[in-house]
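Before any comments, here is the structure.
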Amino acid sequence: MNQLSLSRNLSNPLKESENAAFTPSIYPVQQVDTHEREFRRASQSKSERWTLRTPTKRDITRRLEKVSAEDALRLKQCCSSFRVLTCGTHTLRSYPTFRCKKLFCPDCAAERATRLGNQTETKIREVMKTIKGRLCFLTLTMKNAATLDGGLAKLKKNFAKFKRGKDWKVHIKGYFGAFEYTFNPKTNDFHVHLHLIVLRGKFWNQSDISDAWRDVTGDSFIVDIREIKDAHKGVKEVCKYPMKPVDLMTMPDDKFLEVVKMKKGTRMFISGGCFFNVKLDDDDAADDNIFSKFADLTEGDACPFCKQELFDVLVNRQQHIGLHELNAMPNVVKNNSS
Ligand SMILES: [Zn+2]
Ligand SMILES: [Zn+2]
């Protein structure tokens with residue numbers, strides 16, 4: 001294996017590597033949904049399945065260059081260099097020097113998913129110590145919408161009305177959820193839906209939920225509710241990306257631009273009841289948050305694993321990926337919420 005040479009005086013660390021294929025190996029949460037899985041199964045070799053079906057950040061950037069040069073540049077710069085606190089063998093802390101914070105950016109989406117997942121799980125554990133109920137996975141869907149903004153606004157309005165209703169109050173003690181959308185190239189419209197984790201008190205049957213949802217929406221009635229056996233898995237399912245990367249490549253230019261230009265600060269996560277205040281404020285996205293276990297360490301301190309002196313270094317994307325592959329890094333993300 002190639003030893004990555006890192007030194008305090010790393011020369012020209014930010015030379016853009018043209019071959020750096022995007023591998024989102026820096027964050028452990030990487031969602032593969034069944035839709036994409038099927039695509040992959042249908043094609044031939046293992047490597048081909050990946051390259052054919054999951055667009056890389058480069059693919060998205062190239063597509064973006066044709067519709068908005070400014071956004072393409074931001075996407076390209078996002079996570080292209082990192083500040084790393086390392087002893088040369090272990091990586092204690094690392095964060096990108098710039099983040100675009102766009103929903104369609106694979107890097108930023110993964111970071112958001114991880115952060116939200118950790119917050120949510122902590123909250124669930126905390127709440128369920130005192131409040132009894134069944135944790136359920138609830139999906140509310142809407143008829144397809146021609147525009148993304150329109151579809152989202154309508155769903156938000158309907159959900160607000162739904163949770164003010166008597167039925168909701170009788171059955172649900174708390175919820176948090178994430179909006180998700182997919183694109184249908186055949187009908188050229190968006191399918192916007194809401195995935196929720198709810199703490200259910202009294203049993204609520206699917207057909208009753210469907211009727212109540214139809215009463216609110218007027219035309220939409222497809223809902224799904226099931227009990228969650230494994231809270232960690234359930235949270236992961238809800239906190240995944242708000243969209244399928246593969247959709248970005250199949251939508252026409254005008255729809256693609258709509259996704260790109262989606263209003264900044266559009267809320268994609270909601271919470272309420274006993275889960276109130278699970279929120280994700282992008283303005284204080286502390287990028288090194290996920291490595292907070294080692295937040296107190298600085299340059300000159302001793303590495304807690306090997307006692308070597310730590311140093312702060314600026315590395316490019318490829319070096320950064322190499323670093324994390326080299327180190328059998330302890331899974332700090334999984335353990336730091338305890
Ligand atoms: Zn980004
Ligand atoms: Zn070390």
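To be explicit about the labels: the chains of the structure tokens are called A, B, and onward in the order shown, and within each one the residues are counted from 1, while ligands get numbers from 1 in the order they are shown.
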
Closest contacts (chain A/ligand 2, max 8 Å, only C-alpha atoms and all ligand atoms) as a Markdown table:
| residue | atom | partner | partner_atom_place_in_ligand_line | distance |
| --- | --- | --- | --- | --- |
| A:Thr86 | CA | ligand 2 | 1 (Zn) | 7.1 |
| A:Cys87 | CA | ligand 2 | 1 (Zn) | 4.8 |
| A:Gly88 | CA | ligand 2 | 1 (Zn) | 6.8 |
| A:Thr89 | CA | ligand 2 | 1 (Zn) | 5.2 |
| A:His90 | CA | ligand 2 | 1 (Zn) | 4.4 |
| A:Thr91 | CA | ligand 2 | 1 (Zn) | 7.5 |
| A:Ala302 | CA | ligand 2 | 1 (Zn) | 7.9 |
| A:Cys303 | CA | ligand 2 | 1 (Zn) | 4.6 |
| A:Pro304 | CA | ligand 2 | 1 (Zn) | 6.5 |
| A:Phe305 | CA | ligand 2 | 1 (Zn) | 4.9 |
| A:Cys306 | CA | ligand 2 | 1 (Zn) | 4.1 |
| A:Lys307 | CA | ligand 2 | 1 (Zn) | 6.0 |
| A:Gln308 | CA | ligand 2 | 1 (Zn) | 5.6 |
| A:Glu309 | CA | ligand 2 | 1 (Zn) | 7.8 |
| A:Leu310 | CA | ligand 2 | 1 (Zn) | 7.6 |

Exercise. Tell me which protein, DNA and RNA residues are within 10 Å of Phe203 (chain A), counting only C-alpha atoms, leaving out same-chain ones fewer than 4 positions away, and put them as a count of residues only.
Key: 5

Please identify every residue of chain A that has at least one atom no farther than 10 Å from an atom of ligand 1, counting only C-alpha atoms and all ligand atoms, and for each give the shortest atom pair and the distance in Å to one decimal, arranged by chain then increasing number, as a Markdown table.
| residue | atom | partner | partner_atom_place_in_ligand_line | distance |
| --- | --- | --- | --- | --- |
| A:Lys57 | CA | ligand 1 | 1 (Zn) | 9.3 |
| A:Arg74 | CA | ligand 1 | 1 (Zn) | 7.8 |
| A:Leu75 | CA | ligand 1 | 1 (Zn) | 5.7 |
| A:Lys76 | CA | ligand 1 | 1 (Zn) | 8.3 |
| A:Gln77 | CA | ligand 1 | 1 (Zn) | 8.1 |
| A:Cys78 | CA | ligand 1 | 1 (Zn) | 4.7 |
| A:Cys79 | CA | ligand 1 | 1 (Zn) | 6.6 |
| A:Ser80 | CA | ligand 1 | 1 (Zn) | 9.5 |
| A:Pro96 | CA | ligand 1 | 1 (Zn) | 9.6 |
| A:Phe98 | CA | ligand 1 | 1 (Zn) | 8.0 |
| A:Arg99 | CA | ligand 1 | 1 (Zn) | 4.8 |
| A:Cys100 | CA | ligand 1 | 1 (Zn) | 3.9 |
| A:Lys101 | CA | ligand 1 | 1 (Zn) | 4.8 |
| A:Lys102 | CA | ligand 1 | 1 (Zn) | 5.6 |
| A:Leu103 | CA | ligand 1 | 1 (Zn) | 7.8 |
| A:Phe104 | CA | ligand 1 | 1 (Zn) | 7.9 |
| A:Cys105 | CA | ligand 1 | 1 (Zn) | 4.6 |
| A:Pro106 | CA | ligand 1 | 1 (Zn) | 6.7 |
| A:Asp107 | CA | ligand 1 | 1 (Zn) | 5.2 |
| A:Cys108 | CA | ligand 1 | 1 (Zn) | 4.3 |
| A:Ala109 | CA | ligand 1 | 1 (Zn) | 7.4 |
| A:Ala110 | CA | ligand 1 | 1 (Zn) | 9.3 |
| A:Glu111 | CA | ligand 1 | 1 (Zn) | 9.0 |

Quiz prompt | Non-local contacts of region 187-193 of chain A (8 Å; only C-alpha atoms; under 5 positions in same chain excluded) as a ChimeraX atom specification | solution = /A:139-148,151-152,155,179-182,251

Quiz item: Mind pulling up the distance from CA of Thr61 (chain A) to CA of Val246 (chain A)?
Solution: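 Going from CA of Val246 (chain A) over to CA of Thr61 (chain A) covers 13.4 Å.
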
Quiz item: Do you know which residues are at most 12 Å from Asp211 (chain A) counting only C-alpha atoms, after dropping those on the same chain fewer than 4 positions away, and could you put them as a list in words?
Solution: Leu140, Phe162, Asp167, Trp204, Asn205, Gln206, Ser207, Asp215, Val216, Thr217, Gly218, Asp219, Ser220, Phe221, Ile222 and Val223 of chain A

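Candidate residues A:Val259, A:Met243, A:Leu194, A:Ala231 were compared for distance to Thr122 (chain A), and the nearest is A:Ala231, using only C-alpha atoms.
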
Self-check item: Using only C-alpha atoms: which of A:Lys255, A:His195, A:Trp168, A:Val127 has the shortest distance to Ile209 (chain A)
Solution: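 Among the listed residues, A:Trp168 lies closest to Ile209 (chain A).
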